[in-house]
Amino acid sequence: MTVISPLLVLSASTLSLGGVDNWEISEKGNGGSLMFLEMIPESVAAGAVCMDGTPTGFYYQPAADAENARNWQFYFQGGGWCYDKQDCYKRSKTTLGSSTHWMTNTSMGGLMSGDCQMNPDFCNYNKIQVPYCDGNSFSSNRDEPIDYLDTKLYFRGRRILDIVIETIDKNTTFATPKTFSSQDVLPEG
């Protein structure tokens, strides 16, 4: 296995999630950059929620071919921090604090592009994008919400990361750290 960045080490081989029909090897008819949203409804019960209490999820694009089925890119969307109750409250009404208005699919360019002329090294990898909605760069893990203007604000970014990885793990043949079935893992964001 080649770990391209020491920031995050994950291992997996194939992804076959139940809610979406597009989890097989992609046909790249769209240039290979279209990613589909997979919501995680059980994230609410697990407390892994966006700032407004809505469930979390992630975007996925399958590998373009069987040769790259064990190669992964993970992109963690940025969004900056909110710094006080009023700022966090305002953010909780946007896509940076709520999953309510997330698009059902998205596409990315640069290192996440499926266009092999633009991104020759990683264009055929599996791609995961984790949208930002917690207000603290996926680092928060506060048990109790904060009340502001009759609204509960949740800070659970760490739990969001945990449930995204658990969801991928439950629906793949994720390898144990001893066997490392992934070939390349590239975290970004």
# chains A, B, ... in the order shown; residues from 1 in each chain; ligands from 1

call {"tool": "select_by_dssp", "arguments": {"residues": "segment 59-106 of chain A", "states": "alpha helix (DSSP H)", "output": "list of chain:residue names"}}
result
A:Lys85, A:Gln86, A:Asp87, A:Cys88, A:Tyr89, A:Lys90, A:Arg91

call {"tool": "residues_around", "arguments": {"residues": "Ala46 of chain A", "least_positions_apart": "4", "cutoff": "12 Å", "atoms": "only C-alpha atoms", "output": "ChimeraX atom specification"}}
result
/A:40-42,50,53-56,143,156,158-164,166-167

call {"tool": "write_last_selection", "arguments": {"atoms": "C-alpha atoms", "output": "CSV table (one decimal), in the first residue's frame"}}
result
chain,number,residue,atom,x,y,z
A,40,ILE,CA,-26.6,8.6,6.6
A,41,PRO,CA,-30.0,8.7,8.3
A,42,GLU,CA,-28.7,6.7,11.3
A,50,CYS,CA,-24.7,18.9,11.3
A,53,GLY,CA,-29.3,18.7,13.9
A,54,THR,CA,-29.8,17.4,10.4
A,55,PRO,CA,-28.2,14.1,9.3
A,56,THR,CA,-24.8,14.0,7.7
A,143,ASP,CA,-22.3,16.3,24.0
A,156,ARG,CA,-20.2,17.1,16.4
A,158,ARG,CA,-15.6,14.4,15.1
A,159,ARG,CA,-18.7,12.2,15.2
A,160,ILE,CA,-19.4,13.1,11.6
A,161,LEU,CA,-16.0,11.8,10.5
A,162,ASP,CA,-16.5,8.6,12.6
A,163,ILE,CA,-19.9,7.8,11.1
A,164,VAL,CA,-18.7,8.4,7.6
A,166,GLU,CA,-18.1,3.5,9.8
A,167,THR,CA,-20.6,3.7,7.0

call {"tool": "residues_around", "arguments": {"residues": "Thr106 of chain A", "least_positions_apart": "4", "cutoff": "10 Å", "atoms": "only C-alpha atoms", "output": "ChimeraX atom specification"}}
result
/A:33-37,59-61,102,129

call {"tool": "closest_residue", "arguments": {"among": "A:Gly157, A:Gly47, A:Gly110, A:Gly79", "to": "Cys123 of chain A", "atoms": "only C-alpha atoms"}}
result
A:Gly110

call {"tool": "residues_around", "arguments": {"residues": "Ser92 of chain A", "least_positions_apart": "6", "cutoff": "7 Å", "atoms": "only C-alpha atoms", "output": "short mmCIF file (atom, residue, chain, number, x, y, z; two decimals) with N, CA and C atoms, in the first residue's frame"}}
result
data_model
loop_
_atom_site.label_atom_id
_atom_site.label_comp_id
_atom_site.auth_asym_id
_atom_site.auth_seq_id
_atom_site.Cartn_x
_atom_site.Cartn_y
_atom_site.Cartn_z
N MET A 51 -24.69 21.15 12.33
CA MET A 51 -24.91 22.13 13.37
C MET A 51 -26.39 22.32 13.70
N ASP A 52 -27.27 22.17 12.72
CA ASP A 52 -28.71 22.34 12.97
C ASP A 52 -29.41 21.05 13.37
N SER A 98 -25.95 22.85 7.74
CA SER A 98 -27.13 22.03 7.58
C SER A 98 -27.02 21.20 6.30
#

call {"tool": "closest_residue", "arguments": {"among": "A:Ile128, A:Ser99, A:Arg142, A:Asp84", "to": "Ser43 of chain A", "atoms": "only C-alpha atoms"}}
result
A:Ser99

call {"tool": "decode", "arguments": {"residues": "segment 48-84 of chain A", "atoms": "N, CA, C and O atoms", "output": "PDB file, in the first residue's frame"}}
result
ATOM      1  N   ALA A  48     -24.233  12.157  15.351  1.00  0.00           N
ATOM      2  CA  ALA A  48     -23.286  12.683  14.360  1.00  0.00           C
ATOM      3  C   ALA A  48     -24.067  13.557  13.386  1.00  0.00           C
ATOM      4  O   ALA A  48     -24.409  13.135  12.290  1.00  0.00           O
ATOM      5  N   VAL A  49     -24.371  14.771  13.834  1.00  0.00           N
ATOM      6  CA  VAL A  49     -25.270  15.639  13.087  1.00  0.00           C
ATOM      7  C   VAL A  49     -24.602  16.962  12.727  1.00  0.00           C
ATOM      8  O   VAL A  49     -23.630  17.378  13.348  1.00  0.00           O
ATOM      9  N   CYS A  50     -25.185  17.591  11.715  1.00  0.00           N
ATOM     10  CA  CYS A  50     -24.749  18.938  11.342  1.00  0.00           C
ATOM     11  C   CYS A  50     -25.141  19.911  12.453  1.00  0.00           C
ATOM     12  O   CYS A  50     -25.846  19.557  13.400  1.00  0.00           O
ATOM     13  N   MET A  51     -24.687  21.146  12.329  1.00  0.00           N
ATOM     14  CA  MET A  51     -24.907  22.135  13.366  1.00  0.00           C
ATOM     15  C   MET A  51     -26.387  22.321  13.704  1.00  0.00           C
ATOM     16  O   MET A  51     -26.740  22.562  14.852  1.00  0.00           O
ATOM     17  N   ASP A  52     -27.272  22.170  12.718  1.00  0.00           N
ATOM     18  CA  ASP A  52     -28.709  22.343  12.967  1.00  0.00           C
ATOM     19  C   ASP A  52     -29.411  21.053  13.373  1.00  0.00           C
ATOM     20  O   ASP A  52     -30.622  21.034  13.553  1.00  0.00           O
ATOM     21  N   GLY A  53     -28.683  19.952  13.517  1.00  0.00           N
ATOM     22  CA  GLY A  53     -29.264  18.681  13.931  1.00  0.00           C
ATOM     23  C   GLY A  53     -29.692  17.780  12.790  1.00  0.00           C
ATOM     24  O   GLY A  53     -30.208  16.688  13.029  1.00  0.00           O
ATOM     25  N   THR A  54     -29.477  18.207  11.541  1.00  0.00           N
ATOM     26  CA  THR A  54     -29.822  17.367  10.396  1.00  0.00           C
ATOM     27  C   THR A  54     -28.775  16.270  10.211  1.00  0.00           C
ATOM     28  O   THR A  54     -27.628  16.403  10.637  1.00  0.00           O
ATOM     29  N   PRO A  55     -29.165  15.157   9.548  1.00  0.00           N
ATOM     30  CA  PRO A  55     -28.213  14.056   9.343  1.00  0.00           C
ATOM     31  C   PRO A  55     -27.066  14.471   8.420  1.00  0.00           C
ATOM     32  O   PRO A  55     -27.190  15.415   7.644  1.00  0.00           O
ATOM     33  N   THR A  56     -25.993  13.748   8.531  1.00  0.00           N
ATOM     34  CA  THR A  56     -24.839  14.001   7.675  1.00  0.00           C
ATOM     35  C   THR A  56     -24.806  12.988   6.526  1.00  0.00           C
ATOM     36  O   THR A  56     -25.660  12.125   6.419  1.00  0.00           O
ATOM     37  N   GLY A  57     -23.808  13.116   5.691  1.00  0.00           N
ATOM     38  CA  GLY A  57     -23.630  12.216   4.566  1.00  0.00           C
ATOM     39  C   GLY A  57     -22.301  12.490   3.895  1.00  0.00           C
ATOM     40  O   GLY A  57     -21.449  13.204   4.431  1.00  0.00           O
ATOM     41  N   PHE A  58     -22.137  11.931   2.702  1.00  0.00           N
ATOM     42  CA  PHE A  58     -20.923  12.165   1.925  1.00  0.00           C
ATOM     43  C   PHE A  58     -21.233  11.940   0.458  1.00  0.00           C
ATOM     44  O   PHE A  58     -22.219  11.320   0.097  1.00  0.00           O
ATOM     45  N   TYR A  59     -20.372  12.462  -0.394  1.00  0.00           N
ATOM     46  CA  TYR A  59     -20.491  12.256  -1.838  1.00  0.00           C
ATOM     47  C   TYR A  59     -19.506  11.169  -2.242  1.00  0.00           C
ATOM     48  O   TYR A  59     -18.418  11.067  -1.687  1.00  0.00           O
ATOM     49  N   TYR A  60     -19.908  10.383  -3.244  1.00  0.00           N
ATOM     50  CA  TYR A  60     -19.077   9.264  -3.684  1.00  0.00           C
ATOM     51  C   TYR A  60     -19.062   9.167  -5.198  1.00  0.00           C
ATOM     52  O   TYR A  60     -20.084   9.337  -5.857  1.00  0.00           O
ATOM     53  N   GLN A  61     -17.894   8.893  -5.732  1.00  0.00           N
ATOM     54  CA  GLN A  61     -17.737   8.543  -7.136  1.00  0.00           C
ATOM     55  C   GLN A  61     -16.894   7.276  -7.183  1.00  0.00           C
ATOM     56  O   GLN A  61     -15.797   7.226  -6.626  1.00  0.00           O
ATOM     57  N   PRO A  62     -17.403   6.222  -7.813  1.00  0.00           N
ATOM     58  CA  PRO A  62     -16.656   4.966  -7.848  1.00  0.00           C
ATOM     59  C   PRO A  62     -15.434   5.027  -8.765  1.00  0.00           C
ATOM     60  O   PRO A  62     -15.342   5.874  -9.646  1.00  0.00           O
ATOM     61  N   ALA A  63     -14.536   4.109  -8.549  1.00  0.00           N
ATOM     62  CA  ALA A  63     -13.359   3.988  -9.407  1.00  0.00           C
ATOM     63  C   ALA A  63     -13.800   3.772 -10.852  1.00  0.00           C
ATOM     64  O   ALA A  63     -14.832   3.166 -11.125  1.00  0.00           O
ATOM     65  N   ALA A  64     -12.994   4.263 -11.758  1.00  0.00           N
ATOM     66  CA  ALA A  64     -13.324   4.182 -13.183  1.00  0.00           C
ATOM     67  C   ALA A  64     -13.078   2.803 -13.769  1.00  0.00           C
ATOM     68  O   ALA A  64     -13.627   2.468 -14.807  1.00  0.00           O
ATOM     69  N   ASP A  65     -12.265   2.012 -13.096  1.00  0.00           N
ATOM     70  CA  ASP A  65     -11.958   0.683 -13.613  1.00  0.00           C
ATOM     71  C   ASP A  65     -11.540  -0.227 -12.458  1.00  0.00           C
ATOM     72  O   ASP A  65     -11.232   0.240 -11.369  1.00  0.00           O
ATOM     73  N   ALA A  66     -11.547  -1.516 -12.715  1.00  0.00           N
ATOM     74  CA  ALA A  66     -11.216  -2.492 -11.679  1.00  0.00           C
ATOM     75  C   ALA A  66      -9.782  -2.334 -11.176  1.00  0.00           C
ATOM     76  O   ALA A  66      -9.499  -2.606 -10.013  1.00  0.00           O
ATOM     77  N   GLU A  67      -8.902  -1.888 -12.031  1.00  0.00           N
ATOM     78  CA  GLU A  67      -7.496  -1.701 -11.646  1.00  0.00           C
ATOM     79  C   GLU A  67      -7.349  -0.705 -10.502  1.00  0.00           C
ATOM     80  O   GLU A  67      -6.432  -0.799  -9.703  1.00  0.00           O
ATOM     81  N   ASN A  68      -8.264   0.276 -10.425  1.00  0.00           N
ATOM     82  CA  ASN A  68      -8.181   1.317  -9.397  1.00  0.00           C
ATOM     83  C   ASN A  68      -9.217   1.152  -8.287  1.00  0.00           C
ATOM     84  O   ASN A  68      -9.407   2.056  -7.486  1.00  0.00           O
ATOM     85  N   ALA A  69      -9.860   0.005  -8.203  1.00  0.00           N
ATOM     86  CA  ALA A  69     -10.896  -0.212  -7.195  1.00  0.00           C
ATOM     87  C   ALA A  69     -10.361  -0.120  -5.767  1.00  0.00           C
ATOM     88  O   ALA A  69     -11.118   0.124  -4.843  1.00  0.00           O
ATOM     89  N   ARG A  70      -9.067  -0.268  -5.578  1.00  0.00           N
ATOM     90  CA  ARG A  70      -8.462  -0.191  -4.243  1.00  0.00           C
ATOM     91  C   ARG A  70      -7.734   1.132  -4.009  1.00  0.00           C
ATOM     92  O   ARG A  70      -7.001   1.270  -3.035  1.00  0.00           O
ATOM     93  N   ASN A  71      -7.938   2.090  -4.881  1.00  0.00           N
ATOM     94  CA  ASN A  71      -7.302   3.398  -4.743  1.00  0.00           C
ATOM     95  C   ASN A  71      -8.363   4.427  -4.369  1.00  0.00           C
ATOM     96  O   ASN A  71      -9.430   4.479  -4.968  1.00  0.00           O
ATOM     97  N   TRP A  72      -8.047   5.268  -3.404  1.00  0.00           N
ATOM     98  CA  TRP A  72      -9.034   6.187  -2.818  1.00  0.00           C
ATOM     99  C   TRP A  72      -8.512   7.601  -2.683  1.00  0.00           C
ATOM    100  O   TRP A  72      -7.352   7.811  -2.352  1.00  0.00           O
ATOM    101  N   GLN A  73      -9.413   8.557  -2.876  1.00  0.00           N
ATOM    102  CA  GLN A  73      -9.179   9.958  -2.533  1.00  0.00           C
ATOM    103  C   GLN A  73     -10.280  10.380  -1.582  1.00  0.00           C
ATOM    104  O   GLN A  73     -11.457  10.090  -1.823  1.00  0.00           O
ATOM    105  N   PHE A  74      -9.927  11.047  -0.516  1.00  0.00           N
ATOM    106  CA  PHE A  74     -10.882  11.601   0.441  1.00  0.00           C
ATOM    107  C   PHE A  74     -10.675  13.109   0.461  1.00  0.00           C
ATOM    108  O   PHE A  74      -9.571  13.583   0.720  1.00  0.00           O
ATOM    109  N   TYR A  75     -11.746  13.852   0.209  1.00  0.00           N
ATOM    110  CA  TYR A  75     -11.691  15.314   0.257  1.00  0.00           C
ATOM    111  C   TYR A  75     -12.584  15.792   1.394  1.00  0.00           C
ATOM    112  O   TYR A  75     -13.770  15.473   1.439  1.00  0.00           O
ATOM    113  N   PHE A  76     -12.015  16.541   2.312  1.00  0.00           N
ATOM    114  CA  PHE A  76     -12.749  17.098   3.437  1.00  0.00           C
ATOM    115  C   PHE A  76     -12.983  18.577   3.162  1.00  0.00           C
ATOM    116  O   PHE A  76     -12.046  19.367   3.178  1.00  0.00           O
ATOM    117  N   GLN A  77     -14.258  18.921   2.886  1.00  0.00           N
ATOM    118  CA  GLN A  77     -14.593  20.304   2.544  1.00  0.00           C
ATOM    119  C   GLN A  77     -14.245  21.227   3.705  1.00  0.00           C
ATOM    120  O   GLN A  77     -14.480  20.901   4.865  1.00  0.00           O
ATOM    121  N   GLY A  78     -13.696  22.379   3.382  1.00  0.00           N
ATOM    122  CA  GLY A  78     -13.418  23.397   4.382  1.00  0.00           C
ATOM    123  C   GLY A  78     -14.598  24.334   4.515  1.00  0.00           C
ATOM    124  O   GLY A  78     -15.551  24.277   3.750  1.00  0.00           O
ATOM    125  N   GLY A  79     -14.536  25.196   5.500  1.00  0.00           N
ATOM    126  CA  GLY A  79     -15.618  26.150   5.690  1.00  0.00           C
ATOM    127  C   GLY A  79     -15.316  27.167   6.771  1.00  0.00           C
ATOM    128  O   GLY A  79     -16.112  28.060   7.034  1.00  0.00           O
ATOM    129  N   GLY A  80     -14.168  27.041   7.406  1.00  0.00           N
ATOM    130  CA  GLY A  80     -13.848  27.965   8.487  1.00  0.00           C
ATOM    131  C   GLY A  80     -14.696  27.697   9.718  1.00  0.00           C
ATOM    132  O   GLY A  80     -15.622  26.905   9.693  1.00  0.00           O
ATOM    133  N   TRP A  81     -14.361  28.348  10.791  1.00  0.00           N
ATOM    134  CA  TRP A  81     -15.066  28.168  12.045  1.00  0.00           C
ATOM    135  C   TRP A  81     -16.066  29.287  12.263  1.00  0.00           C
ATOM    136  O   TRP A  81     -15.866  30.417  11.813  1.00  0.00           O
ATOM    137  N   CYS A  82     -17.118  28.986  12.998  1.00  0.00           N
ATOM    138  CA  CYS A  82     -17.950  30.070  13.529  1.00  0.00           C
ATOM    139  C   CYS A  82     -17.428  30.349  14.943  1.00  0.00           C
ATOM    140  O   CYS A  82     -16.945  29.441  15.617  1.00  0.00           O
ATOM    141  N   TYR A  83     -17.493  31.604  15.355  1.00  0.00           N
ATOM    142  CA  TYR A  83     -16.789  31.998  16.579  1.00  0.00           C
ATOM    143  C   TYR A  83     -17.678  32.441  17.726  1.00  0.00           C
ATOM    144  O   TYR A  83     -17.206  32.611  18.836  1.00  0.00           O
ATOM    145  N   ASP A  84     -18.963  32.664  17.493  1.00  0.00           N
ATOM    146  CA  ASP A  84     -19.870  32.997  18.583  1.00  0.00           C
ATOM    147  C   ASP A  84     -21.251  32.462  18.248  1.00  0.00           C
ATOM    148  O   ASP A  84     -21.495  31.970  17.145  1.00  0.00           O
TER     149      ASP A  84
END
